[in-house]
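final09.txt (compact mmCIF, C-alpha atoms (C1' of nucleotides))
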# COMPACT_ATOMS: atom_id res chain seq x y z
CA MET A 1 10.05 60.30 43.79
CA THR A 2 8.60 56.91 43.09
CA GLU A 3 6.04 56.81 45.83
CA VAL A 4 3.24 56.85 43.30
CA ARG A 5 4.40 53.57 41.85
CA SER A 6 2.40 51.41 44.15
CA SER A 7 -0.79 52.83 42.72
CA HIS A 8 0.10 53.16 39.02
CA GLU A 9 1.00 49.65 38.48
CA LEU A 10 -2.17 48.49 40.09
CA ASP A 11 -4.82 50.26 38.12
CA ALA A 12 -3.12 51.16 34.93
CA PRO A 13 -1.35 48.50 32.88
CA PRO A 14 -2.81 46.75 29.87
CA TRP A 15 -6.47 46.87 30.65
CA GLN A 16 -6.79 47.61 34.35
CA ARG A 17 -7.78 44.09 35.31
CA PHE A 18 -6.31 41.57 37.71
CA GLU A 19 -4.20 40.12 34.90
CA SER A 20 -2.24 43.35 34.85
CA THR A 21 -1.89 43.51 38.56
CA LEU A 22 -0.61 39.99 38.55
CA MET A 23 2.02 40.76 35.97
CA ALA A 24 3.08 43.91 37.73
CA THR A 25 3.36 42.05 41.01
CA SER A 26 5.45 39.39 39.37
CA LYS A 27 7.76 42.01 37.99
CA SER A 28 8.17 43.55 41.42
CA ILE A 29 8.85 40.22 43.05
CA ARG A 30 11.58 39.49 40.53
CA ARG A 31 12.99 42.92 41.10
CA ALA A 32 12.96 42.54 44.85
CA TYR A 33 14.78 39.22 44.64
CA ASP A 34 17.30 40.63 42.20
CA VAL A 35 18.02 43.55 44.50
CA ARG A 36 18.45 41.41 47.58
CA LEU A 37 20.47 38.77 45.82
CA SER A 38 22.81 41.31 44.31
CA ASP A 39 24.35 41.52 47.78
CA ILE A 40 25.76 38.07 47.21
CA GLY A 41 26.49 38.61 43.52
CA LEU A 42 23.63 36.67 41.96
CA ASN A 43 20.37 37.35 40.22
CA LEU A 44 17.15 35.43 40.70
CA SER A 45 17.67 33.04 37.80
CA GLU A 46 21.15 32.11 38.87
CA ALA A 47 20.10 31.69 42.49
CA CYS A 48 17.15 29.63 41.43
CA LEU A 49 19.20 27.28 39.35
CA LEU A 50 21.98 26.89 41.86
CA GLU A 51 19.59 26.28 44.71
CA TYR A 52 17.69 23.74 42.69
CA VAL A 53 20.78 21.77 41.79
CA PHE A 54 21.99 21.97 45.36
CA GLU A 55 18.74 20.59 46.72
CA HIS A 56 17.93 18.00 44.10
CA GLY A 57 21.20 16.29 43.66
CA PRO A 58 23.12 15.82 40.41
CA MET A 59 21.00 16.37 37.34
CA THR A 60 21.32 17.21 33.67
CA GLN A 61 21.01 20.66 32.18
CA THR A 62 17.77 19.81 30.46
CA GLN A 63 16.26 18.58 33.70
CA VAL A 64 17.08 21.68 35.66
CA ALA A 65 15.95 23.88 32.79
CA GLU A 66 12.56 22.22 32.73
CA ARG A 67 12.17 22.43 36.46
CA ILE A 68 12.84 26.11 36.71
CA GLY A 69 10.76 26.87 33.64
CA MET A 70 13.47 27.97 31.27
CA GLN A 71 14.78 26.96 27.84
CA ARG A 72 17.71 24.59 27.60
CA ALA A 73 19.84 27.18 25.84
CA SER A 74 19.18 29.86 28.42
CA ALA A 75 19.95 27.51 31.25
CA GLY A 76 23.17 26.61 29.47
CA THR A 77 24.26 30.23 29.53
CA ILE A 78 23.57 30.53 33.24
CA ILE A 79 25.36 27.29 33.95
CA ASP A 80 28.38 28.49 31.97
CA ASN A 81 28.42 31.47 34.23
CA LEU A 82 28.00 29.63 37.49
CA SER A 83 30.61 27.07 36.61
CA ARG A 84 33.06 29.76 35.53
CA ARG A 85 32.55 31.15 39.02
CA LYS A 86 33.15 27.74 40.52
CA LEU A 87 29.76 27.48 42.14
CA LEU A 88 28.69 24.60 39.98
CA LYS A 89 30.62 21.82 38.30
CA ARG A 90 29.88 19.70 35.24
CA LEU A 91 30.61 16.02 35.62
CA HIS A 92 30.61 13.38 32.90
CA ASP A 93 27.87 10.82 33.11
CA PRO A 94 29.47 7.45 32.43
CA ALA A 95 26.09 6.16 31.31
CA ASP A 96 25.35 8.87 28.77
CA GLN A 97 28.01 10.76 26.87
CA ARG A 98 25.64 13.49 25.77
CA VAL A 99 24.86 14.96 29.14
CA TRP A 100 26.56 16.81 31.94
CA LEU A 101 25.68 16.03 35.49
CA LEU A 102 25.45 19.27 37.41
CA SER A 103 26.53 19.44 40.99
CA ALA A 104 27.23 22.27 43.41
CA THR A 105 30.82 22.79 44.47
CA SER A 106 31.50 23.33 48.15
CA GLU A 107 31.65 27.02 47.45
CA GLY A 108 28.35 26.63 45.65
CA GLN A 109 26.90 24.96 48.71
CA ARG A 110 27.92 27.84 50.92
CA MET A 111 26.32 30.14 48.38
CA ALA A 112 23.14 28.10 48.40
CA GLU A 113 22.89 28.59 52.12
CA LYS A 114 23.23 32.33 51.71
CA ILE A 115 20.51 32.19 49.09
CA ALA A 116 18.23 30.40 51.51
CA VAL A 117 18.78 33.13 54.08
CA VAL A 118 17.92 35.87 51.63
CA ASP A 119 14.92 33.91 50.42
CA ASN A 120 13.53 33.30 53.86
CA ALA A 121 13.91 36.92 54.84
CA LEU A 122 12.28 38.26 51.74
CA ARG A 123 9.50 35.72 51.79
CA SER A 124 8.52 36.59 55.30
CA GLU A 125 8.41 40.28 54.47
CA LEU A 126 6.32 39.46 51.46
CA ARG A 127 3.81 37.46 53.46
CA ARG A 128 3.43 39.93 56.26
CA ASN A 129 -0.09 40.73 55.08
CA LEU A 130 -1.32 37.32 54.14
CA SER A 131 -2.64 34.65 56.41
CA SER A 132 -1.76 31.07 55.77
CA ASP A 133 -5.32 30.46 54.56
CA GLU A 134 -5.11 33.29 52.15
CA ARG A 135 -1.84 32.08 50.78
CA GLY A 136 -3.47 28.74 50.20
CA GLN A 137 -6.34 30.34 48.34
CA LEU A 138 -3.94 32.42 46.33
CA ALA A 139 -1.91 29.40 45.32
CA ASP A 140 -5.07 27.55 44.47
CA MET A 141 -6.37 30.29 42.23
CA LEU A 142 -3.02 30.66 40.54
CA ILE A 143 -2.98 26.97 39.81
CA ARG A 144 -6.43 27.18 38.27
CA LEU A 145 -5.26 30.08 36.17
CA GLN A 146 -2.27 28.05 35.09
CA SER A 147 -4.45 25.19 34.00
CA ASN A 148 -6.58 27.52 31.91
CA LEU A 149 -3.43 28.94 30.43
CA SER A 150 -1.93 25.64 29.52
CA GLN A 151 -5.09 24.77 27.63
CA ILE A 152 -4.99 28.09 25.85
CA LEU A 153 -1.34 27.71 24.95
CA GLU A 154 -1.63 24.09 23.94
CA GLY A 155 -4.37 25.05 21.56
CA SER A 156 -2.12 27.44 19.71
CA ASP A 157 0.80 25.04 19.50
CA GLU A 158 -0.81 22.68 17.04
CA ALA A 159 -1.86 25.50 14.74
CA MET B 1 5.64 17.30 23.60
CA THR B 2 5.04 20.03 26.11
CA GLU B 3 2.09 18.57 27.92
CA VAL B 4 4.10 18.18 31.10
CA ARG B 5 4.62 21.92 31.35
CA SER B 6 1.47 22.61 33.27
CA SER B 7 2.70 20.67 36.26
CA HIS B 8 6.39 21.56 36.33
CA GLU B 9 5.94 25.21 36.50
CA LEU B 10 3.65 24.89 39.44
CA ASP B 11 5.66 22.95 41.92
CA ALA B 12 9.19 23.43 40.83
CA PRO B 13 10.56 26.96 40.31
CA PRO B 14 12.80 28.86 42.68
CA TRP B 15 11.63 27.56 46.00
CA GLN B 16 8.32 25.86 45.35
CA ARG B 17 6.26 28.57 47.00
CA PHE B 18 3.44 30.74 45.78
CA GLU B 19 5.92 33.40 44.71
CA SER B 20 7.19 31.06 42.04
CA THR B 21 3.75 30.05 40.93
CA LEU B 22 2.85 33.67 40.62
CA MET B 23 5.84 34.41 38.44
CA ALA B 24 5.23 31.36 36.28
CA THR B 25 1.61 32.35 35.85
CA SER B 26 2.61 35.83 34.87
CA LYS B 27 4.98 34.45 32.28
CA SER B 28 2.23 32.30 30.82
CA ILE B 29 -0.22 35.16 30.72
CA ARG B 30 2.24 37.28 28.80
CA ARG B 31 2.90 34.42 26.48
CA ALA B 32 -0.79 33.82 25.87
CA TYR B 33 -1.36 37.47 25.05
CA ASP B 34 1.65 37.56 22.78
CA VAL B 35 0.43 34.52 20.88
CA ARG B 36 -3.07 35.84 20.43
CA LEU B 37 -1.96 39.33 19.55
CA SER B 38 0.49 38.08 16.96
CA ASP B 39 -2.56 37.48 14.78
CA ILE B 40 -2.90 41.23 14.45
CA GLY B 41 0.84 41.88 14.35
CA LEU B 42 1.43 43.18 17.85
CA ASN B 43 2.91 42.00 21.10
CA LEU B 44 1.53 42.67 24.55
CA SER B 45 3.63 45.75 25.25
CA GLU B 46 2.72 47.39 21.99
CA ALA B 47 -0.95 46.56 22.39
CA CYS B 48 -0.89 47.83 25.92
CA LEU B 49 0.63 51.12 24.99
CA LEU B 50 -1.56 51.69 21.97
CA GLU B 51 -4.71 50.83 23.84
CA TYR B 52 -3.77 53.11 26.69
CA VAL B 53 -3.12 56.07 24.43
CA PHE B 54 -6.31 55.37 22.54
CA GLU B 55 -8.37 55.31 25.72
CA HIS B 56 -6.74 58.10 27.67
CA GLY B 57 -6.46 60.76 25.08
CA PRO B 58 -3.30 62.58 24.02
CA MET B 59 -0.48 62.21 26.49
CA THR B 60 3.30 62.43 26.67
CA GLN B 61 5.68 59.53 26.36
CA THR B 62 6.71 59.78 29.98
CA GLN B 63 3.11 59.65 31.10
CA VAL B 64 2.24 56.54 29.15
CA ALA B 65 5.49 54.90 30.18
CA GLU B 66 4.68 55.42 33.86
CA ARG B 67 1.16 54.19 33.45
CA ILE B 68 2.08 50.94 31.80
CA GLY B 69 5.00 50.39 34.18
CA MET B 70 7.87 50.77 31.78
CA GLN B 71 10.99 52.92 31.46
CA ARG B 72 10.86 56.03 29.33
CA ALA B 73 13.54 54.75 27.01
CA SER B 74 11.79 51.44 26.43
CA ALA B 75 8.49 53.14 25.77
CA GLY B 76 10.29 55.39 23.30
CA THR B 77 11.40 52.37 21.32
CA ILE B 78 7.89 50.96 21.18
CA ILE B 79 6.47 54.31 20.19
CA ASP B 80 9.03 54.61 17.40
CA ASN B 81 7.78 51.31 16.15
CA LEU B 82 4.08 52.08 16.40
CA SER B 83 4.47 55.44 14.77
CA ARG B 84 6.55 53.98 11.95
CA ARG B 85 3.60 51.67 11.39
CA LYS B 86 1.25 54.64 11.44
CA LEU B 87 -0.76 53.43 14.38
CA LEU B 88 0.31 56.31 16.58
CA LYS B 89 1.30 59.86 15.78
CA ARG B 90 3.49 62.33 17.64
CA LEU B 91 2.14 65.86 17.82
CA HIS B 92 3.96 68.95 19.02
CA ASP B 93 2.68 70.43 22.23
CA PRO B 94 2.50 74.19 21.69
CA ALA B 95 2.76 74.65 25.44
CA ASP B 96 5.92 72.59 25.95
CA GLN B 97 8.58 72.12 23.31
CA ARG B 98 10.15 69.18 25.07
CA VAL B 99 7.33 66.73 24.78
CA TRP B 100 5.42 64.83 22.14
CA LEU B 101 1.71 64.39 22.50
CA LEU B 102 0.82 60.87 21.50
CA SER B 103 -2.40 60.14 19.75
CA ALA B 104 -3.79 57.14 17.90
CA THR B 105 -4.24 57.49 14.14
CA SER B 106 -7.50 56.29 12.66
CA GLU B 107 -5.73 53.12 11.70
CA GLY B 108 -4.51 52.93 15.28
CA GLN B 109 -8.06 53.25 16.49
CA ARG B 110 -9.20 50.37 14.36
CA MET B 111 -6.29 48.39 15.75
CA ALA B 112 -7.28 49.30 19.29
CA GLU B 113 -10.69 47.84 18.67
CA LYS B 114 -9.16 44.61 17.46
CA ILE B 115 -7.03 44.57 20.57
CA ALA B 116 -10.11 44.91 22.72
CA VAL B 117 -11.67 41.93 21.00
CA VAL B 118 -8.62 39.76 21.58
CA ASP B 119 -8.40 40.94 25.15
CA ASN B 120 -12.02 40.22 25.96
CA ALA B 121 -11.84 36.77 24.47
CA LEU B 122 -8.67 35.83 26.26
CA ARG B 123 -9.79 37.29 29.52
CA SER B 124 -12.98 35.33 29.56
CA GLU B 125 -11.10 32.10 28.88
CA LEU B 126 -8.74 32.99 31.65
CA ARG B 127 -11.51 33.54 34.15
CA ARG B 128 -13.47 30.46 33.33
CA ASN B 129 -12.53 28.96 36.69
CA LEU B 130 -12.81 31.97 38.90
CA SER B 131 -15.92 33.45 40.41
CA SER B 132 -16.28 37.17 40.62
CA ASP B 133 -15.74 36.98 44.38
CA GLU B 134 -12.58 35.03 43.93
CA ARG B 135 -11.26 37.48 41.39
CA GLY B 136 -11.91 40.22 43.91
CA GLN B 137 -10.00 38.35 46.57
CA LEU B 138 -7.20 37.66 44.17
CA ALA B 139 -6.90 41.31 43.21
CA ASP B 140 -7.02 42.28 46.85
CA MET B 141 -4.23 39.92 47.82
CA LEU B 142 -2.13 41.02 44.89
CA ILE B 143 -2.54 44.61 45.94
CA ARG B 144 -1.42 43.79 49.45
CA LEU B 145 1.59 42.00 48.03
CA GLN B 146 2.33 45.04 45.92
CA SER B 147 2.25 47.29 48.92
CA ASN B 148 4.69 45.06 50.76
CA LEU B 149 6.87 45.08 47.71
CA SER B 150 6.89 48.79 47.30
CA GLN B 151 8.06 49.13 50.89
CA ILE B 152 10.77 46.58 50.30
CA LEU B 153 11.92 48.24 47.12
CA GLU B 154 11.76 51.74 48.52
CA GLY B 155 13.99 50.65 51.34
CA SER B 156 16.73 49.61 48.97
CA ASP B 157 16.53 52.73 46.83
CA GLU B 158 17.93 55.06 49.43
CA ALA B 159 20.82 52.76 50.22
C1' DA C 1 17.26 88.36 33.53
C1' DT C 2 19.76 84.78 34.80
C1' DG C 3 21.49 80.87 36.72
C1' DA C 4 20.57 76.39 39.24
C1' DG C 5 17.92 72.71 39.17
C1' DT C 6 14.33 69.78 36.90
C1' DC C 7 12.14 67.41 33.28
C1' DT C 8 11.69 65.26 28.37
C1' DG C 9 12.89 62.40 24.82
C1' DT C 10 16.73 59.83 22.77
C1' DA C 11 21.25 57.32 21.94
C1' DC C 12 23.93 53.67 23.37
C1' DG C 13 25.42 49.62 25.53
C1' DA C 14 24.35 45.72 28.68
C1' DC C 15 21.73 41.88 30.09
C1' DT C 16 18.38 38.23 29.93
C1' DT C 17 15.77 35.14 27.55
C1' DC C 18 14.02 33.18 23.35
C1' DT C 19 14.23 30.63 18.82
C1' DT C 20 16.33 28.01 15.51
C1' DA C 21 19.76 25.08 13.80
C1' DC C 22 23.31 21.66 14.38
C1' DA C 23 26.69 17.95 15.66
C1' DA C 24 27.27 14.26 18.75
C1' DT C 25 25.26 10.65 21.09
C1' DA C 26 21.64 7.32 22.42
C1' DC C 27 17.93 4.18 21.36
C1' DA C 28 14.59 1.23 18.80
C1' DA C 29 13.18 -1.46 14.87
C1' DT C 30 14.22 -3.97 11.42
C1' DA D 1 24.66 -4.47 12.14
C1' DT D 2 22.29 -0.64 10.20
C1' DT D 3 19.29 2.81 9.80
C1' DG D 4 15.97 6.14 11.23
C1' DT D 5 14.37 8.84 15.12
C1' DA D 6 15.01 11.35 19.63
C1' DT D 7 17.58 13.73 22.78
C1' DT D 8 21.51 16.60 24.65
C1' DG D 9 24.20 20.53 24.91
C1' DT D 10 25.80 24.50 22.29
C1' DA D 11 26.22 28.24 18.86
C1' DA D 12 24.41 32.28 16.70
C1' DG D 13 21.21 35.71 16.14
C1' DA D 14 16.86 38.27 17.49
C1' DA D 15 13.94 40.67 20.62
C1' DG D 16 12.71 43.11 24.69
C1' DT D 17 13.83 45.76 28.52
C1' DC D 18 16.86 48.23 31.45
C1' DG D 19 20.23 51.84 33.09
C1' DT D 20 23.06 55.70 32.16
C1' DA D 21 24.19 59.76 30.07
C1' DC D 22 23.09 63.69 27.39
C1' DA D 23 21.29 67.92 25.00
C1' DG D 24 17.47 70.73 24.73
C1' DA D 25 13.60 72.94 27.02
C1' DC D 26 11.19 74.50 31.16
C1' DT D 27 10.79 76.71 36.02
C1' DC D 28 11.61 79.28 39.80
C1' DA D 29 14.19 81.86 43.16
C1' DT D 30 17.08 85.30 43.35
Since I need it in another form, could you write the structure as structure tokens?
Amino acid sequence: MTEVRSSHELDAPPWQRFESTLMATSKSIRRAYDVRLSDIGLNLSEACLLEYVFEHGPMTQTQVAERIGMQRASAGTIIDNLSRRKLLKRLHDPADQRVWLLSATSEGQRMAEKIAVVDNALRSELRRNLSSDERGQLADMLIRLQSNLSQILEGSDEA
Amino acid sequence: MTEVRSSHELDAPPWQRFESTLMATSKSIRRAYDVRLSDIGLNLSEACLLEYVFEHGPMTQTQVAERIGMQRASAGTIIDNLSRRKLLKRLHDPADQRVWLLSATSEGQRMAEKIAVVDNALRSELRRNLSSDERGQLADMLIRLQSNLSQILEGSDEA
DNA sequence: ATGAGTCTGTACGACTTCTTACAATACAAT
DNA sequence: ATTGTATTGTAAGAAGTCGTACAGACTCAT
């Protein structure tokens, strides 16, 4: 039924160039993570945020938002959610009344471990085809693309 | 103000691996296109769809949706929009009463040419750093990733 | 010819993320 | 001390996409 997918999304989108393939691949990666993570009741953004807080100690909402590449407001929504589900807690910072210090609850820590399992499994399936060298090259090229992009986007900010 | 962006999004997201970089890059590409295309009053999805219909003759909504990697319903919304703005028209197919045949109006054609200009400009800025060989390798790796992904996603469909 | 199954476009609601605006708090300069 | 500026989290609304469900139109085997 959808077996044609793998080819469509490669040659068709915007203007059949690698930019399109890259965006389609990104979409699929997100989808794959969302599907796998739904087993433990999370989506990629939630998992991402929780894992990041778990690994990098207590931090403010703005900090985690910046690190995972998301707006403060959006992160706030996700944090509301995770803390309602008792995976994350908000602690007062005695040194700064404006901020919350985020920290994983013990339940959140168990969840973070499950996330790591899912992540490792999926990542190894994803890399089946790619040698370590290739992955390095890929990352390198992506970083160069990113630096071009940040110039492009900076340019239009000041306008 | 946002000059730090370029580095965050490279080393930080989900689990600082190339998967994250890829997704961040994709996000930036979309953003860059959206910014540039806003000059002519479109976003990437609209431009994509219009350009595709312009280039690949009259086609049904389902067809264009599949080609640009989007759900039928979502494409329908975009088409509503483009046809309200007289860039696209819906024609009856005498052979099949169910479908619309999409076709660019003359105004839509002029718009498609503007899109091509924006696209060419942006693409060349984007590739500044990458040799033709490298772009080939990049595309190749992305395609391999896609094929892994389609296996992964197929697997979870039948479940 | 006719009924079962398939396909098309659309309506509707959900979800995610963005943008903008704001009140509370912090900080720096006078 | 006071005042102006920055920063934090949140609220409210917009936009984009998805998934589901549906009615109408097609197809094909009987």
Inset, instruction - Return as a PyMOL selection string the residues belonging to chain A that are within 12 Å of chain D, counting all atoms listed in the file. - result: chain A and resi 27+31+60-63+65+71-77+79-80+90+96-101
Legend entry - Contact residues (chain C, partner chain B, 12 Å, all atoms listed in the file) as a ChimeraX atom specification: /C:7-12,17-18
Legend entry - Nearest candidate to chain B (options A:Asn43, A:Ser103, A:Gln137, A:Gln109; using only C-alpha atoms):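 Of A:Asn43, A:Ser103, A:Gln137, A:Gln109, the one nearest chain B is A:Gln137, counting only C-alpha atoms.
Atom pair atom CA of B:His92 / atom CA of B:Glu113: separated by 25.7 Å.
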Inset, instruction - Might you pull out every residue within 12 Å of B:Asn81, with all atoms listed in the file counted and same-chain residues fewer than 3 positions away left off, and present them as a ChimeraX atom specification? - result: /B:41-43,45-47,49-50,74-78,84-90
Inset, instruction - Could you please tell me, as a ChimeraX atom specification, which residues of chain A have an atom within 8 Å of chain B when using all atoms listed in the file? - result: /A:5-6,8-10,12-15,18-19,21-30,32,35,47-49,51-52,66-69,125-130,134-135,138-139,141-150,152-154,156
